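Here's target-v9.cif, which has mmCIF, C-alpha atoms:
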data_query
loop_
_atom_site.label_atom_id
_atom_site.label_comp_id
_atom_site.auth_asym_id
_atom_site.auth_seq_id
_atom_site.Cartn_x
_atom_site.Cartn_y
_atom_site.Cartn_z
CA MET B 27 -63.19 -117.13 -96.04
CA ASN B 28 -60.33 -115.09 -94.60
CA GLY B 29 -62.63 -112.26 -93.41
CA ARG B 30 -63.11 -111.83 -89.67
CA SER B 31 -65.97 -110.24 -87.80
CA ASP B 32 -65.78 -108.93 -84.25
CA GLY B 33 -67.28 -111.30 -81.76
CA PRO B 34 -69.00 -110.29 -78.51
CA VAL B 35 -65.69 -110.40 -76.60
CA ASP B 36 -63.94 -108.08 -79.07
CA ALA B 37 -66.81 -105.62 -79.00
CA ASP B 38 -66.82 -105.54 -75.18
CA GLU B 39 -63.06 -105.00 -75.11
CA LYS B 40 -63.28 -102.09 -77.56
CA ARG B 41 -66.11 -100.57 -75.56
CA TRP B 42 -64.06 -100.89 -72.33
CA ARG B 43 -61.02 -99.26 -73.94
CA ARG B 44 -63.13 -96.43 -75.28
CA ARG B 45 -64.69 -95.77 -71.89
CA SER B 46 -61.26 -95.88 -70.20
CA LEU B 47 -59.96 -93.32 -72.68
CA TYR B 48 -62.92 -91.02 -72.03
CA ALA B 49 -62.43 -91.40 -68.26
CA LEU B 50 -58.75 -90.54 -68.62
CA ILE B 51 -59.58 -87.43 -70.64
CA VAL B 52 -61.92 -86.29 -67.85
CA LEU B 53 -59.87 -87.36 -64.81
CA LEU B 54 -56.40 -86.19 -65.88
CA PRO B 55 -57.23 -82.45 -65.87
CA LEU B 56 -59.14 -82.97 -62.63
CA LEU B 57 -56.12 -84.60 -60.96
CA ILE B 58 -53.84 -81.83 -62.23
CA GLY B 59 -56.26 -79.22 -60.91
CA VAL B 60 -56.46 -80.85 -57.46
CA SER B 61 -52.67 -81.11 -57.25
CA ALA B 62 -52.25 -77.47 -58.28
CA TYR B 63 -54.90 -76.37 -55.76
CA GLU B 64 -53.14 -78.24 -52.94
CA SER B 65 -49.79 -76.69 -53.91
CA ILE B 66 -51.27 -73.19 -54.06
CA SER B 67 -53.08 -73.71 -50.75
CA ALA B 68 -49.86 -74.87 -49.06
CA TRP B 69 -47.98 -71.89 -50.50
CA TRP B 70 -50.69 -69.47 -49.40
CA VAL B 71 -50.81 -70.83 -45.85
CA SER B 72 -47.01 -70.81 -45.55
CA ARG B 73 -46.77 -67.07 -46.30
CA ASP B 74 -46.59 -64.43 -43.58
CA ARG B 75 -49.81 -62.51 -44.24
CA LEU B 76 -51.34 -61.65 -40.88
CA ALA B 77 -49.12 -59.53 -38.65
CA GLN B 78 -49.63 -59.85 -34.91
CA ASP B 79 -48.24 -56.47 -33.88
CA VAL B 80 -46.46 -55.97 -30.57
CA GLU B 81 -46.50 -52.44 -29.16
CA LEU B 82 -43.40 -50.60 -28.02
CA ASN B 83 -41.78 -52.32 -25.01
CA GLY B 84 -44.53 -54.94 -25.10
CA SER B 85 -44.40 -58.71 -25.49
CA GLY B 86 -46.24 -61.15 -27.71
CA ASP B 87 -47.67 -64.58 -26.92
CA PHE B 88 -46.56 -66.70 -29.86
CA GLY B 89 -45.77 -70.38 -30.38
CA GLY B 90 -46.14 -71.39 -26.74
CA SER B 91 -43.79 -68.61 -25.56
CA GLN B 92 -43.83 -64.96 -24.55
CA TRP B 93 -41.53 -62.96 -26.87
CA LYS B 94 -40.04 -59.62 -25.79
CA LEU B 95 -37.65 -57.66 -28.01
CA SER B 96 -35.04 -56.54 -25.49
CA LYS B 97 -32.52 -55.01 -27.94
CA PHE B 98 -32.80 -53.73 -31.49
CA ARG B 99 -29.75 -51.80 -32.59
CA MET B 100 -28.03 -50.39 -35.65
CA LEU B 101 -24.30 -51.03 -35.55
CA PRO B 102 -21.68 -49.52 -37.84
CA VAL B 103 -19.72 -52.28 -39.56
CA PRO B 104 -16.07 -52.30 -40.67
CA ALA B 105 -15.34 -52.52 -44.37
CA GLY B 106 -14.61 -56.04 -45.58
CA LYS B 107 -15.12 -58.45 -48.42
CA ASP B 108 -18.27 -59.88 -46.80
CA ILE B 109 -19.80 -56.47 -46.08
CA PRO B 110 -21.70 -54.83 -48.98
CA GLU B 111 -21.07 -51.15 -49.55
CA GLY B 112 -23.66 -48.95 -47.85
CA ALA B 113 -24.67 -51.69 -45.40
CA MET B 114 -25.64 -51.14 -41.79
CA GLY B 115 -25.24 -53.81 -39.14
CA MET B 116 -28.40 -54.66 -37.21
CA LEU B 117 -28.81 -56.68 -34.02
CA ALA B 118 -32.06 -58.05 -32.61
CA GLU B 119 -32.13 -59.78 -29.25
CA PHE B 120 -35.09 -61.32 -27.44
CA GLU B 121 -35.89 -62.47 -23.95
CA VAL B 122 -38.32 -65.33 -24.45
CA GLN B 123 -40.26 -66.87 -21.57
CA VAL B 124 -41.01 -70.47 -22.50
CA GLN B 125 -44.49 -71.67 -21.58
CA ASP B 126 -44.55 -74.94 -23.57
CA ALA B 127 -41.08 -76.53 -23.62
CA ASP B 128 -41.63 -78.50 -26.84
CA LEU B 129 -39.69 -75.99 -28.92
CA ALA B 130 -39.00 -78.51 -31.70
CA LYS B 131 -42.75 -78.58 -32.33
CA ASN B 132 -43.80 -75.03 -31.45
CA TRP B 133 -40.82 -73.23 -32.99
CA ARG B 134 -40.48 -75.34 -36.14
CA GLY B 135 -39.12 -73.26 -38.99
CA CYS B 136 -38.25 -70.40 -36.63
CA THR B 137 -37.11 -67.40 -38.66
CA ILE B 138 -36.32 -63.91 -37.48
CA SER B 139 -36.17 -61.24 -40.18
CA LEU B 140 -36.27 -57.50 -40.67
CA GLU B 141 -39.29 -56.09 -42.49
CA SER B 142 -39.56 -52.75 -44.27
CA PRO B 143 -42.82 -50.77 -44.56
CA ASP B 144 -43.21 -51.94 -48.16
CA GLY B 145 -42.92 -55.62 -47.17
CA ARG B 146 -39.31 -56.33 -48.16
CA ARG B 147 -37.38 -58.61 -45.83
CA TRP B 148 -33.80 -59.16 -44.75
CA ALA B 149 -32.62 -62.51 -43.38
CA PRO B 150 -29.96 -63.01 -40.69
CA THR B 151 -26.30 -63.02 -41.67
CA GLU B 152 -23.17 -64.69 -40.34
CA ALA B 153 -20.93 -61.94 -41.72
CA MET B 154 -21.32 -59.90 -38.52
CA ARG B 155 -18.91 -60.81 -35.74
CA LEU B 156 -20.65 -60.50 -32.39
CA PRO B 157 -19.26 -60.77 -28.86
CA ARG B 158 -19.83 -64.01 -26.98
CA SER B 159 -23.20 -64.21 -25.31
CA GLU B 160 -25.68 -66.62 -23.80
CA ALA B 161 -28.02 -65.56 -26.59
CA ARG B 162 -28.21 -67.93 -29.56
CA PRO B 163 -29.75 -67.89 -33.02
CA CYS B 164 -33.36 -69.00 -33.14
CA THR B 165 -32.83 -72.42 -34.71
CA THR B 166 -29.92 -73.21 -32.36
CA THR B 167 -32.06 -72.33 -29.34
CA ILE B 168 -34.60 -74.99 -30.31
CA TYR B 169 -32.15 -77.86 -29.85
CA MET B 170 -29.44 -76.52 -27.53
CA SER B 171 -31.13 -74.37 -24.92
CA GLY B 172 -32.53 -77.20 -22.79
CA ALA B 173 -35.43 -74.88 -22.07
CA LYS B 174 -38.14 -75.97 -19.65
CA ALA B 175 -41.58 -74.52 -19.05
CA GLY B 176 -41.17 -71.28 -17.11
CA SER B 177 -37.55 -70.70 -18.09
CA THR B 178 -36.31 -67.69 -20.06
CA VAL B 179 -34.02 -68.02 -23.07
CA ARG B 180 -32.20 -65.33 -25.03
CA VAL B 181 -32.40 -65.36 -28.80
CA ARG B 182 -30.13 -63.19 -30.96
CA GLU B 183 -29.77 -62.63 -34.69
CA ALA B 184 -27.54 -60.24 -36.66
CA PHE B 185 -28.36 -58.64 -40.01
CA LEU B 186 -26.95 -56.51 -42.78
CA ALA B 187 -29.42 -54.06 -44.32
CA PRO B 188 -29.18 -51.00 -46.57
CA ARG B 189 -28.22 -47.97 -44.51
CA ASP B 190 -30.90 -45.78 -46.14
CA VAL B 191 -33.79 -47.94 -44.87
CA ALA B 192 -32.28 -49.24 -41.62
CA ASP B 193 -34.17 -46.90 -39.30
CA SER B 194 -37.53 -47.90 -40.83
CA LEU B 195 -37.07 -51.65 -40.33
CA ARG B 196 -39.02 -53.70 -37.82
CA VAL B 197 -38.30 -57.16 -36.41
CA ALA B 198 -40.55 -60.06 -37.47
CA VAL B 199 -40.73 -63.58 -36.03
CA THR B 200 -42.03 -66.47 -38.11
CA LEU B 201 -42.92 -69.92 -36.77
CA GLN B 202 -44.30 -72.44 -39.27
CA PRO B 203 -47.05 -73.81 -36.98
CA GLN B 204 -48.37 -70.25 -36.55
CA GLN B 205 -48.47 -69.25 -40.23
CA PRO B 206 -50.00 -67.28 -41.86
CA ARG B 207 -49.73 -65.23 -38.61
CA TYR B 208 -46.40 -63.76 -37.64
CA LEU B 209 -45.10 -61.54 -34.85
CA ARG B 210 -44.03 -57.97 -35.72
CA PHE B 211 -42.52 -55.55 -33.22
CA ALA B 212 -43.18 -51.80 -33.31
CA GLN B 213 -39.86 -50.99 -31.64
CA PRO B 214 -37.54 -48.98 -33.95
CA PRO B 215 -33.79 -49.66 -33.97
CA GLN B 216 -31.46 -47.68 -31.74
CA LEU B 217 -28.25 -46.32 -33.27
CA ILE B 218 -25.18 -47.31 -31.28
CA GLN B 219 -22.18 -45.04 -31.79
CA VAL B 220 -18.80 -46.71 -31.65
CA LYS B 221 -16.28 -44.56 -29.76
CA PRO B 222 -12.93 -44.17 -31.49
CA PRO B 223 -9.75 -45.14 -29.61
CA ASP B 224 -8.19 -42.40 -27.46
CA ASN B 225 -5.29 -41.91 -29.88
CA GLN B 226 -7.75 -41.08 -32.69
CA LYS B 227 -9.69 -38.38 -30.82
#
Would you mind giving the structure from this file in C-alpha cells?
Amino acid sequence: MNGRSDGPVDADEKRWRRRSLYALIVLLPLLIGVSAYESISAWWVSRDRLAQDVELNGSGDFGGSQWKLSKFRMLPVPAGKDIPEGAMGMLAEFEVQVQDADLAKNWRGCTISLESPDGRRWAPTEAMRLPRSEARPCTTTIYMSGAKAGSTVRVREAFLAPRDVADSLRVAVTLQPQQPRYLRFAQPPQLIQVKPPDNQK
C-alpha cells in the first residue's frame, strides 16, 4: 500500500508547531505593546512638563549648579537674508555657580529656549552677531569652560522671536537628567534701544 499514516513522531511535531503558532499569536501583540509602552514612557519623561519657576532676580538650583539669569534683553536687529521679517533679537545670559563640576553628566542635553505663555518655544540662533564675551553657549560651556566646583561660568544664547510676542517670553533651561522638570525664569526681557550715529540725529 502507498498510503501513509502519521506516526507518533509526526503527531508530536504537528502538535509542537501548532502550539508555537498559538504562542506567537499571543506573544507578538504583547511584545509590540511593551515596545510601544517603553517608547511612549521615554517620550513622556523626556518632555518638559514640570516648571521649576525662579522668581524675579532669584536663582535656581538645577543640575548641580545655581543658575541666575543676569541679562535678558530684546535687541533690534538689522535687516538681512537670515533675519525673518518682524523678528526681534533676544539675548539671555546667565551667571552659573557650579557646585558639581561633572557638567558632561549633569548638563547633558543642555538647552536654553524662550517660552511663551501658551507653551510655544524658540530655540537659539546663530544668525545674531554678538560682541566677543567670556560667555559661551550652553553646550560649549560643558566641554570648554574647565569649570570646577565653586567656580562661576557665564552662559549666553541669542534668539530670534516674533516681535509681537517678544515681551511675553520667558527663559527656560532644560537638562536631560532633570526632565520632566525644567527651570523657568519670571524675569521679563528688557528693551535695549540702539542709539543712532551722531550724523543721523
- Message: Residues within 12 Å of Val179 of chain B, please, as a list of chain:residue names. Count only C-alpha atoms; anything in the same chain fewer than 6 positions from it doesn't count.
- Response: B:Ser91, B:Gln92, B:Trp93, B:Lys94, B:Ser96, B:Glu119, B:Phe120, B:Glu121, B:Val122, B:Gln123, B:Val124, B:Gln125, B:Ala127, B:Leu129, B:Ser159, B:Glu160, B:Ala161, B:Arg162, B:Pro163, B:Cys164, B:Thr166, B:Thr167, B:Ile168, B:Met170, B:Ser171, B:Gly172, B:Ala173
- Message: What would the selection look like, as a ChimeraX atom specification, if the PyMOL selection byres ((chain B and resi 137) around 12) were run on the coordinates I just shared?
- Response: /B:74,133-136,138-140,147-150,163-168,181-183,197-205,208-209
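Shortest separation to Glu141 of chain B among B:Ala184, B:Gly89, B:Ser194, B:Pro157 occurs at residue B:Ser194, atoms counted being only C-alpha atoms.
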- Query: the PyMOL selection byres ((chain B and resi 100) around 8) on the file shown: which residues, as a count of residues only?
  - Reply: 14
Please report, as JSON, the centre and edge lengths in Å to one decimal of an axis-aligned box covering all listed atoms of segment 175-185 of chain B with 3 Å per side.
{"center_x": -34.6, "center_y": -66.6, "center_z": -28.6, "size_x": 20.0, "size_y": 21.9, "size_z": 28.9}
Apply the PyMOL selection byres ((chain B and resi 103) around 12) to the file shown and report the selected residues as a short mmCIF file (atom, residue, chain, number, x, y, z; two decimals) with C-alpha atoms, in the coordinates of the input.
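Writing the result to part20.cif gives the following:
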data_model
loop_
_atom_site.label_atom_id
_atom_site.label_comp_id
_atom_site.auth_asym_id
_atom_site.auth_seq_id
_atom_site.Cartn_x
_atom_site.Cartn_y
_atom_site.Cartn_z
CA MET B 100 -28.03 -50.39 -35.65
CA LEU B 101 -24.30 -51.03 -35.55
CA PRO B 102 -21.68 -49.52 -37.84
CA PRO B 104 -16.07 -52.30 -40.67
CA ALA B 105 -15.34 -52.52 -44.37
CA GLY B 106 -14.61 -56.04 -45.58
CA LYS B 107 -15.12 -58.45 -48.42
CA ASP B 108 -18.27 -59.88 -46.80
CA ILE B 109 -19.80 -56.47 -46.08
CA PRO B 110 -21.70 -54.83 -48.98
CA GLU B 111 -21.07 -51.15 -49.55
CA GLY B 112 -23.66 -48.95 -47.85
CA ALA B 113 -24.67 -51.69 -45.40
CA MET B 114 -25.64 -51.14 -41.79
CA GLY B 115 -25.24 -53.81 -39.14
CA MET B 116 -28.40 -54.66 -37.21
CA LEU B 117 -28.81 -56.68 -34.02
CA ALA B 153 -20.93 -61.94 -41.72
CA MET B 154 -21.32 -59.90 -38.52
CA ARG B 155 -18.91 -60.81 -35.74
CA LEU B 156 -20.65 -60.50 -32.39
CA ALA B 184 -27.54 -60.24 -36.66
CA PHE B 185 -28.36 -58.64 -40.01
CA LEU B 186 -26.95 -56.51 -42.78
CA ALA B 187 -29.42 -54.06 -44.32
CA PRO B 188 -29.18 -51.00 -46.57
CA ARG B 189 -28.22 -47.97 -44.51
CA ILE B 218 -25.18 -47.31 -31.28
CA GLN B 219 -22.18 -45.04 -31.79
CA VAL B 220 -18.80 -46.71 -31.65
#
- Grab the atom CA of Gly84 of chain B to atom CA of Ser177 of chain B distance for me, in Å with one decimal place.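 Between atom CA of Gly84 of chain B and atom CA of Ser177 of chain B the gap works out to 18.6 Å.
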- Excluding segment 77-81 of chain B and any residue of its chain fewer than 4 positions from it, enumerate the residues within 6 Å of it, using all atoms listed in the file, and give them as a PyMOL selection string. chain B and resi 86+207-212
- Message: As an exercise, work out the distance from atom CA of Arg158 of chain B to atom CA of Arg180 of chain B in Å and give it to one decimal place.
- Response: 12.6 Å
Repair of segment 109-120 of chain B at the level of all heavy atoms, as a CSV table (one decimal), keeping the file's coordinate frame:
chain,number,residue,atom,x,y,z
B,109,ILE,N,-18.9,-57.6,-46.4
B,109,ILE,CA,-19.8,-56.5,-46.1
B,109,ILE,C,-20.1,-55.6,-47.3
B,109,ILE,O,-19.2,-55.0,-47.9
B,109,ILE,CB,-19.2,-55.6,-45.0
B,109,ILE,CG1,-18.7,-56.4,-43.8
B,109,ILE,CG2,-20.2,-54.5,-44.6
B,109,ILE,CD1,-19.8,-57.1,-43.1
B,110,PRO,N,-21.4,-55.6,-47.8
B,110,PRO,CA,-21.7,-54.8,-49.0
B,110,PRO,C,-21.5,-53.3,-48.7
B,110,PRO,O,-21.7,-52.9,-47.5
B,110,PRO,CB,-23.2,-55.2,-49.2
B,110,PRO,CG,-23.4,-56.4,-48.5
B,110,PRO,CD,-22.5,-56.4,-47.3
B,111,GLU,N,-21.2,-52.6,-49.7
B,111,GLU,CA,-21.1,-51.2,-49.6
B,111,GLU,C,-22.4,-50.5,-49.2
B,111,GLU,O,-23.5,-50.9,-49.7
B,111,GLU,CB,-20.5,-50.5,-50.8
B,111,GLU,CG,-20.2,-49.1,-50.8
B,111,GLU,CD,-19.6,-48.5,-52.0
B,111,GLU,OE1,-19.4,-49.3,-53.0
B,111,GLU,OE2,-19.5,-47.3,-52.1
B,112,GLY,N,-22.4,-49.6,-48.3
B,112,GLY,CA,-23.7,-49.0,-47.8
B,112,GLY,C,-24.5,-49.8,-46.9
B,112,GLY,O,-25.7,-49.5,-46.7
B,113,ALA,N,-23.9,-50.8,-46.3
B,113,ALA,CA,-24.7,-51.7,-45.4
B,113,ALA,C,-24.6,-51.2,-44.0
B,113,ALA,O,-23.6,-50.6,-43.6
B,113,ALA,CB,-24.2,-53.1,-45.5
B,114,MET,N,-25.6,-51.4,-43.2
B,114,MET,CA,-25.6,-51.1,-41.8
B,114,MET,C,-25.8,-52.5,-41.0
B,114,MET,O,-26.6,-53.3,-41.4
B,114,MET,CB,-26.8,-50.2,-41.5
B,114,MET,CG,-27.1,-50.0,-40.0
B,114,MET,SD,-25.7,-49.1,-39.2
B,114,MET,CE,-26.1,-47.4,-39.8
B,115,GLY,N,-25.0,-52.6,-40.0
B,115,GLY,CA,-25.2,-53.8,-39.1
B,115,GLY,C,-26.5,-53.6,-38.3
B,115,GLY,O,-26.7,-52.5,-37.8
B,116,MET,N,-27.2,-54.7,-38.0
B,116,MET,CA,-28.4,-54.7,-37.2
B,116,MET,C,-28.4,-55.9,-36.3
B,116,MET,O,-27.9,-57.0,-36.6
B,116,MET,CB,-29.7,-54.8,-38.1
B,116,MET,CG,-29.7,-53.8,-39.2
B,116,MET,SD,-30.2,-52.1,-38.8
B,116,MET,CE,-31.9,-52.3,-38.4
B,117,LEU,N,-28.8,-55.6,-35.0
B,117,LEU,CA,-28.8,-56.7,-34.0
B,117,LEU,C,-30.2,-56.7,-33.4
B,117,LEU,O,-30.7,-55.7,-32.9
B,117,LEU,CB,-27.7,-56.4,-33.0
B,117,LEU,CG,-27.7,-57.4,-31.8
B,117,LEU,CD1,-27.3,-58.8,-32.2
B,117,LEU,CD2,-26.8,-56.9,-30.7
B,118,ALA,N,-30.8,-57.9,-33.3
B,118,ALA,CA,-32.1,-58.0,-32.6
B,118,ALA,C,-31.9,-59.1,-31.6
B,118,ALA,O,-31.4,-60.2,-31.9
B,118,ALA,CB,-33.2,-58.5,-33.6
B,119,GLU,N,-32.3,-58.8,-30.3
B,119,GLU,CA,-32.1,-59.8,-29.2
B,119,GLU,C,-33.4,-59.9,-28.5
B,119,GLU,O,-34.0,-58.8,-28.2
B,119,GLU,CB,-31.0,-59.4,-28.3
B,119,GLU,CG,-30.7,-60.4,-27.3
B,119,GLU,CD,-29.4,-60.2,-26.6
B,119,GLU,OE1,-28.3,-59.9,-27.2
B,119,GLU,OE2,-29.3,-60.3,-25.3
B,120,PHE,N,-33.8,-61.1,-28.1
B,120,PHE,CA,-35.1,-61.3,-27.4
B,120,PHE,C,-34.8,-62.0,-26.1
B,120,PHE,O,-33.9,-62.7,-25.9
B,120,PHE,CB,-36.0,-62.3,-28.2
B,120,PHE,CG,-36.5,-61.8,-29.6
B,120,PHE,CD1,-35.7,-61.9,-30.7
B,120,PHE,CD2,-37.7,-61.1,-29.7
B,120,PHE,CE1,-36.1,-61.4,-31.9
B,120,PHE,CE2,-38.1,-60.6,-30.9
B,120,PHE,CZ,-37.4,-60.8,-32.0
